[in-house]
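Enquirer: What follows is coords-v6.tsv, TSV, C-alpha atoms.
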```
chain	number	residue	atom	x	y	z
Y	800	MET	CA	31.12	-10.47	-4.68
Y	801	MET	CA	28.32	-10.89	-2.16
Y	802	GLU	CA	27.06	-14.40	-1.52
Y	803	ILE	CA	23.39	-15.03	-2.27
Y	804	PHE	CA	21.84	-17.75	-0.11
Y	805	GLY	CA	18.70	-19.79	-0.72
Y	806	PHE	CA	17.89	-21.16	-4.15
Y	807	PRO	CA	19.40	-18.86	-6.79
Y	808	ILE	CA	19.33	-20.34	-10.26
Y	809	ASP	CA	21.67	-17.86	-11.89
Y	810	SER	CA	24.36	-15.33	-11.04
Y	811	ALA	CA	21.88	-12.41	-11.20
Y	812	GLY	CA	20.00	-13.75	-8.17
Y	813	ARG	CA	16.92	-15.10	-9.91
Y	814	CYS	CA	15.58	-18.03	-7.92
Y	815	LYS	CA	13.35	-21.04	-8.30
Y	816	HIS	CA	10.39	-18.91	-7.11
Y	817	TYR	CA	10.92	-15.71	-9.12
Y	818	TYR	CA	12.91	-15.90	-12.33
Y	819	GLY	CA	11.58	-13.24	-14.68
Y	820	GLU	CA	13.87	-10.95	-16.64
Y	821	ASN	CA	13.71	-8.17	-14.02
Y	822	ASP	CA	13.87	-10.43	-10.94
Y	823	ILE	CA	17.47	-9.45	-10.28
Y	824	VAL	CA	17.26	-8.16	-6.70
Y	825	SER	CA	18.42	-9.96	-3.59
Y	826	ILE	CA	17.51	-8.63	-0.18
Y	827	LYS	CA	19.61	-8.78	2.95
Y	828	PHE	CA	17.49	-10.00	5.83
Y	829	THR	CA	18.03	-8.12	9.06
Y	830	CYS	CA	17.48	-11.28	11.12
Y	831	CYS	CA	20.50	-13.12	9.71
Y	832	ASN	CA	22.43	-10.49	7.75
Y	833	ARG	CA	22.38	-12.64	4.60
Y	834	TYR	CA	21.20	-11.93	1.08
Y	835	PHE	CA	18.38	-14.08	-0.33
Y	836	PRO	CA	16.61	-13.76	-3.68
Y	837	CYS	CA	13.20	-13.74	-1.99
Y	838	TYR	CA	11.34	-14.34	1.25
Y	839	LYS	CA	10.43	-17.87	0.18
Y	840	CYS	CA	14.11	-18.76	-0.25
Y	841	HIS	CA	14.80	-17.34	3.21
Y	842	ASP	CA	11.96	-19.25	4.84
Y	843	GLU	CA	12.83	-22.54	3.14
Y	844	SER	CA	16.52	-22.42	4.02
Y	845	THR	CA	16.67	-21.01	7.55
Y	846	ASP	CA	15.44	-22.17	10.92
Y	847	HIS	CA	14.30	-18.79	12.20
Y	848	GLU	CA	11.48	-16.33	11.54
Y	849	ARG	CA	11.91	-13.46	9.16
Y	850	GLN	CA	12.28	-10.04	10.71
Y	851	LEU	CA	11.18	-6.88	8.91
Y	852	TRP	CA	13.42	-3.93	8.26
Y	853	GLN	CA	12.09	-1.03	10.32
Y	854	LYS	CA	11.45	2.37	8.70
Y	855	GLU	CA	14.28	3.97	10.66
Y	856	ASP	CA	16.68	1.52	8.97
Y	857	PHE	CA	15.69	2.27	5.37
Y	858	GLN	CA	19.03	4.04	4.78
Y	859	GLU	CA	20.83	0.72	5.28
Y	860	LYS	CA	22.35	-0.89	2.20
Y	861	ALA	CA	20.35	-4.09	2.08
Y	862	ILE	CA	19.47	-4.49	-1.61
Y	863	LEU	CA	21.80	-6.19	-4.08
Y	864	CYS	CA	21.50	-5.53	-7.80
Y	865	GLY	CA	22.02	-8.81	-9.63
Y	866	ASN	CA	23.20	-6.99	-12.75
Y	867	CYS	CA	26.20	-5.11	-11.32
Y	868	PHE	CA	26.24	-6.25	-7.64
Y	869	ASN	CA	25.90	-2.72	-6.35
Y	870	GLU	CA	24.33	-2.44	-2.91
Y	871	LEU	CA	21.44	0.01	-2.65
Y	872	THR	CA	19.63	1.41	0.33
Y	873	ILE	CA	16.16	0.12	1.05
Y	874	ASP	CA	14.81	3.63	0.54
Y	875	ALA	CA	16.36	3.90	-2.94
Y	876	TYR	CA	14.99	0.50	-3.91
Y	877	ILE	CA	11.46	1.26	-2.76
Y	878	HIS	CA	11.31	4.69	-4.39
Y	879	TYR	CA	13.17	4.20	-7.70
Y	880	GLN	CA	12.86	0.52	-8.68
Y	881	GLN	CA	16.15	0.62	-10.55
Y	882	CYS	CA	19.83	0.41	-9.75
Y	883	ASP	CA	21.48	3.75	-9.12
Y	884	ASN	CA	24.75	2.36	-10.50
Y	885	CYS	CA	23.88	0.52	-13.73
Y	886	ASN	CA	20.25	1.67	-14.22
Y	887	ALA	CA	18.97	-1.92	-14.43
Y	888	THR	CA	15.21	-1.96	-13.94
Y	889	PHE	CA	13.76	-4.13	-11.19
Y	890	ASN	CA	10.46	-6.01	-11.27
Y	891	PRO	CA	7.72	-3.55	-10.23
Y	892	ASN	CA	5.56	-6.47	-9.04
Y	893	CYS	CA	7.99	-6.99	-6.16
Y	894	ALA	CA	6.20	-4.08	-4.47
Y	895	LYS	CA	3.35	-6.50	-3.78
Y	896	HIS	CA	5.68	-8.29	-1.35
Y	897	TYR	CA	7.25	-5.33	0.46
Y	898	SER	CA	5.34	-6.25	3.61
Y	899	LYS	CA	7.34	-9.49	3.72
Y	900	TYR	CA	10.57	-7.50	4.03
Y	901	PHE	CA	9.89	-3.97	5.21
Y	902	GLU	CA	7.79	-2.16	7.78
Y	903	ILE	CA	5.46	-0.31	5.42
```
Could you render the structure as structure tokens?

Expert:
Amino acid sequence: MMEIFGFPIDSAGRCKHYYGENDIVSIKFTCCNRYFPCYKCHDESTDHERQLWQKEDFQEKAILCGNCFNELTIDAYIHYQQCDNCNATFNPNCAKHYSKYFEI
């Protein structure tokens, strides 16, 4: 199983910042190649600046479903908002923060 860094509060990757029912996505940060539940967890637990995933890298598997631990591509995550393995639905409000992770 992939390790989730930062401040997860449960095995699905919910964290102290975002812990709603559908907050089950962790994102691998390109700057450190580690999964974090959110950008706040990354910023509070690392000593470097966040780097955004560039559009040409959106086919990289950098999204972790907290329900089944399937890795999804960034493109699949952005366009479908659900896991292509277990069909778990992700929080649609996360789209408000895409600019913290991805070159949009």

Enquirer: Just to confirm, what's the straight-line distance from atom CA of Y:Cys814 to atom CA of Y:Lys854 in Å (one decimal)?

Expert: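 One can read the atom CA of Y:Cys814 to atom CA of Y:Lys854 distance as 26.6 Å.
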
Enquirer: Suppose you want the space between atom CA of Y:Tyr838 and atom CA of Y:Ile808; what is it in Å?

Expert: 15.2 Å

Enquirer: Which one is closest to Y:Ile903: Y:Asp874, Y:Pro807, Y:Asn869, Y:Ser825? Count all atoms listed in the file.

Expert: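 Closest residue, counting all atoms listed in the file: Y:Asp874.
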
Enquirer: Just checking: using only C-alpha atoms, which residue out of Y:Glu820, Y:Gly805, Y:Pro891, Y:Asn886 ends up closest to Y:Glu843?

Expert: Y:Gly805

Enquirer: Check the smallest atom-to-atom distance from each of Y:Thr845, Y:Asn821, Y:Asn866, Y:Ser898 to Y:Asn884 using only C-alpha atoms, then report the winner.

Expert: Y:Asn866

Enquirer: Using all atoms listed in the file, determine which residues lie at most 9 Å from Y:Ala875, disregarding the query and same-chain residues fewer than 6 positions distant; provide the list as a list in words.

Expert: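 The contact residues come out as Phe857, Gln858, Gln881, Cys882 and Asp883 of chain Y.
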
Enquirer: Using all atoms listed in the file, which protein or nucleic acid residues come within 9 Å of Y:His841? Drop anything in the same chain fewer than 4 positions from it, and give the result as number ranges by chain.

Expert: Y: 804-806, 828, 834-837, 845, 849

Enquirer: Would you mind telling me which residue in Y:Ile862, Y:Cys840, Y:Ala811, Y:Leu851 lies nearest to Y:Ile877 when using only C-alpha atoms?

Expert: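 Among the listed residues, Y:Ile862 lies closest to Y:Ile877.
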
Enquirer: I need the residue nearest Y:Val824 from this list: Y:Glu870, Y:Glu902, Y:Glu848, Y:Glu859. Use all atoms listed in the file for the distance.

Expert: Y:Glu870

Enquirer: Determine the nearest neighbour of Y:Met800 from the options Y:Ile826, Y:Ala894, Y:Leu863, Y:Cys831, counting only C-alpha atoms.

Expert: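 Among the listed residues, Y:Leu863 lies closest to Y:Met800.
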
Enquirer: Contacts of Y:Trp852 at 7 Å or less, counting only C-alpha atoms, minus same-chain residues fewer than 2 places along, as a PDB file with C-alpha atoms, in the coordinates of the input?

Expert:
```pdb
ATOM      1  CA  THR Y 829      18.030  -8.120   9.060  1.00  0.00           C
ATOM      2  CA  GLN Y 850      12.280 -10.040  10.710  1.00  0.00           C
ATOM      3  CA  LYS Y 854      11.450   2.370   8.700  1.00  0.00           C
ATOM      4  CA  ASP Y 856      16.680   1.520   8.970  1.00  0.00           C
ATOM      5  CA  TYR Y 900      10.570  -7.500   4.030  1.00  0.00           C
ATOM      6  CA  PHE Y 901       9.890  -3.970   5.210  1.00  0.00           C
ATOM      7  CA  GLU Y 902       7.790  -2.160   7.780  1.00  0.00           C
TER       8      GLU Y 902
END
```

Enquirer: For stretch 809-820 of chain Y, where the input has fewer atoms than it should, I would like all heavy atoms rebuilt and written as a PDB file, in the frame of the given file.

Expert:
```pdb
ATOM      1  N   ASP Y 809      20.672 -18.474 -11.035  1.00  0.00           N
ATOM      2  CA  ASP Y 809      21.670 -17.860 -11.890  1.00  0.00           C
ATOM      3  C   ASP Y 809      22.458 -16.815 -11.112  1.00  0.00           C
ATOM      4  O   ASP Y 809      22.141 -16.519  -9.959  1.00  0.00           O
ATOM      5  CB  ASP Y 809      21.056 -17.288 -13.170  1.00  0.00           C
ATOM      6  CG  ASP Y 809      20.150 -16.094 -12.953  1.00  0.00           C
ATOM      7  OD1 ASP Y 809      20.151 -15.498 -11.860  1.00  0.00           O
ATOM      8  OD2 ASP Y 809      19.424 -15.732 -13.902  1.00  0.00           O
ATOM      9  N   SER Y 810      23.477 -16.269 -11.735  1.00  0.00           N
ATOM     10  CA  SER Y 810      24.360 -15.330 -11.040  1.00  0.00           C
ATOM     11  C   SER Y 810      23.716 -13.977 -10.777  1.00  0.00           C
ATOM     12  O   SER Y 810      24.232 -13.194  -9.980  1.00  0.00           O
ATOM     13  CB  SER Y 810      25.651 -15.144 -11.845  1.00  0.00           C
ATOM     14  OG  SER Y 810      25.354 -14.593 -13.110  1.00  0.00           O
ATOM     15  N   ALA Y 811      22.586 -13.685 -11.403  1.00  0.00           N
ATOM     16  CA  ALA Y 811      21.880 -12.410 -11.200  1.00  0.00           C
ATOM     17  C   ALA Y 811      20.939 -12.466  -9.992  1.00  0.00           C
ATOM     18  O   ALA Y 811      20.312 -11.474  -9.656  1.00  0.00           O
ATOM     19  CB  ALA Y 811      21.120 -12.002 -12.447  1.00  0.00           C
ATOM     20  N   GLY Y 812      20.831 -13.629  -9.357  1.00  0.00           N
ATOM     21  CA  GLY Y 812      20.000 -13.750  -8.170  1.00  0.00           C
ATOM     22  C   GLY Y 812      18.570 -14.189  -8.430  1.00  0.00           C
ATOM     23  O   GLY Y 812      17.762 -14.207  -7.514  1.00  0.00           O
ATOM     24  N   ARG Y 813      18.254 -14.535  -9.672  1.00  0.00           N
ATOM     25  CA  ARG Y 813      16.920 -15.100  -9.910  1.00  0.00           C
ATOM     26  C   ARG Y 813      16.867 -16.428  -9.161  1.00  0.00           C
ATOM     27  O   ARG Y 813      17.875 -17.113  -9.026  1.00  0.00           O
ATOM     28  CB  ARG Y 813      16.687 -15.301 -11.402  1.00  0.00           C
ATOM     29  CG  ARG Y 813      16.588 -14.008 -12.169  1.00  0.00           C
ATOM     30  CD  ARG Y 813      16.447 -14.273 -13.675  1.00  0.00           C
ATOM     31  NE  ARG Y 813      16.559 -13.045 -14.420  1.00  0.00           N
ATOM     32  CZ  ARG Y 813      17.702 -12.540 -14.883  1.00  0.00           C
ATOM     33  NH1 ARG Y 813      18.840 -13.186 -14.705  1.00  0.00           N
ATOM     34  NH2 ARG Y 813      17.707 -11.407 -15.549  1.00  0.00           N
ATOM     35  N   CYS Y 814      15.678 -16.797  -8.703  1.00  0.00           N
ATOM     36  CA  CYS Y 814      15.580 -18.030  -7.920  1.00  0.00           C
ATOM     37  C   CYS Y 814      14.497 -18.937  -8.482  1.00  0.00           C
ATOM     38  O   CYS Y 814      13.796 -18.586  -9.420  1.00  0.00           O
ATOM     39  CB  CYS Y 814      15.308 -17.704  -6.456  1.00  0.00           C
ATOM     40  SG  CYS Y 814      13.679 -16.985  -6.139  1.00  0.00           S
ATOM     41  N   LYS Y 815      14.340 -20.073  -7.834  1.00  0.00           N
ATOM     42  CA  LYS Y 815      13.350 -21.040  -8.300  1.00  0.00           C
ATOM     43  C   LYS Y 815      11.924 -20.516  -8.142  1.00  0.00           C
ATOM     44  O   LYS Y 815      11.013 -21.021  -8.783  1.00  0.00           O
ATOM     45  CB  LYS Y 815      13.508 -22.375  -7.573  1.00  0.00           C
ATOM     46  CG  LYS Y 815      13.123 -22.362  -6.104  1.00  0.00           C
ATOM     47  CD  LYS Y 815      13.287 -23.745  -5.487  1.00  0.00           C
ATOM     48  CE  LYS Y 815      12.685 -23.810  -4.094  1.00  0.00           C
ATOM     49  NZ  LYS Y 815      12.742 -25.175  -3.558  1.00  0.00           N
ATOM     50  N   HIS Y 816      11.723 -19.481  -7.327  1.00  0.00           N
ATOM     51  CA  HIS Y 816      10.390 -18.910  -7.110  1.00  0.00           C
ATOM     52  C   HIS Y 816      10.090 -17.754  -8.060  1.00  0.00           C
ATOM     53  O   HIS Y 816       8.962 -17.612  -8.524  1.00  0.00           O
ATOM     54  CB  HIS Y 816      10.255 -18.416  -5.670  1.00  0.00           C
ATOM     55  CG  HIS Y 816      10.575 -19.460  -4.655  1.00  0.00           C
ATOM     56  ND1 HIS Y 816      11.767 -19.469  -3.944  1.00  0.00           N
ATOM     57  CD2 HIS Y 816       9.880 -20.534  -4.242  1.00  0.00           C
ATOM     58  CE1 HIS Y 816      11.783 -20.511  -3.139  1.00  0.00           C
ATOM     59  NE2 HIS Y 816      10.650 -21.176  -3.292  1.00  0.00           N
ATOM     60  N   TYR Y 817      11.083 -16.915  -8.292  1.00  0.00           N
ATOM     61  CA  TYR Y 817      10.920 -15.710  -9.120  1.00  0.00           C
ATOM     62  C   TYR Y 817      12.093 -15.625 -10.087  1.00  0.00           C
ATOM     63  O   TYR Y 817      13.237 -15.418  -9.680  1.00  0.00           O
ATOM     64  CB  TYR Y 817      10.871 -14.451  -8.231  1.00  0.00           C
ATOM     65  CG  TYR Y 817       9.739 -14.484  -7.240  1.00  0.00           C
ATOM     66  CD1 TYR Y 817       9.960 -14.810  -5.903  1.00  0.00           C
ATOM     67  CD2 TYR Y 817       8.432 -14.207  -7.637  1.00  0.00           C
ATOM     68  CE1 TYR Y 817       8.925 -14.856  -4.988  1.00  0.00           C
ATOM     69  CE2 TYR Y 817       7.383 -14.258  -6.739  1.00  0.00           C
ATOM     70  CZ  TYR Y 817       7.635 -14.577  -5.412  1.00  0.00           C
ATOM     71  OH  TYR Y 817       6.603 -14.628  -4.517  1.00  0.00           O
ATOM     72  N   TYR Y 818      11.820 -15.810 -11.372  1.00  0.00           N
ATOM     73  CA  TYR Y 818      12.910 -15.900 -12.330  1.00  0.00           C
ATOM     74  C   TYR Y 818      12.628 -15.153 -13.634  1.00  0.00           C
ATOM     75  O   TYR Y 818      13.129 -15.499 -14.690  1.00  0.00           O
ATOM     76  CB  TYR Y 818      13.263 -17.361 -12.623  1.00  0.00           C
ATOM     77  CG  TYR Y 818      12.056 -18.238 -12.845  1.00  0.00           C
ATOM     78  CD1 TYR Y 818      11.452 -18.340 -14.085  1.00  0.00           C
ATOM     79  CD2 TYR Y 818      11.522 -18.956 -11.779  1.00  0.00           C
ATOM     80  CE1 TYR Y 818      10.338 -19.143 -14.261  1.00  0.00           C
ATOM     81  CE2 TYR Y 818      10.412 -19.758 -11.945  1.00  0.00           C
ATOM     82  CZ  TYR Y 818       9.823 -19.848 -13.198  1.00  0.00           C
ATOM     83  OH  TYR Y 818       8.716 -20.632 -13.369  1.00  0.00           O
ATOM     84  N   GLY Y 819      11.837 -14.081 -13.508  1.00  0.00           N
ATOM     85  CA  GLY Y 819      11.580 -13.240 -14.680  1.00  0.00           C
ATOM     86  C   GLY Y 819      12.789 -12.391 -15.017  1.00  0.00           C
ATOM     87  O   GLY Y 819      13.747 -12.284 -14.240  1.00  0.00           O
ATOM     88  N   GLU Y 820      12.747 -11.756 -16.157  1.00  0.00           N
ATOM     89  CA  GLU Y 820      13.870 -10.950 -16.640  1.00  0.00           C
ATOM     90  C   GLU Y 820      14.324  -9.900 -15.626  1.00  0.00           C
ATOM     91  O   GLU Y 820      15.520  -9.684 -15.442  1.00  0.00           O
ATOM     92  CB  GLU Y 820      13.472 -10.259 -17.958  1.00  0.00           C
ATOM     93  CG  GLU Y 820      14.571  -9.437 -18.569  1.00  0.00           C
ATOM     94  CD  GLU Y 820      14.149  -8.775 -19.865  1.00  0.00           C
ATOM     95  OE1 GLU Y 820      13.189  -9.238 -20.501  1.00  0.00           O
ATOM     96  OE2 GLU Y 820      14.795  -7.769 -20.223  1.00  0.00           O
TER      97      GLU Y 820
END
```
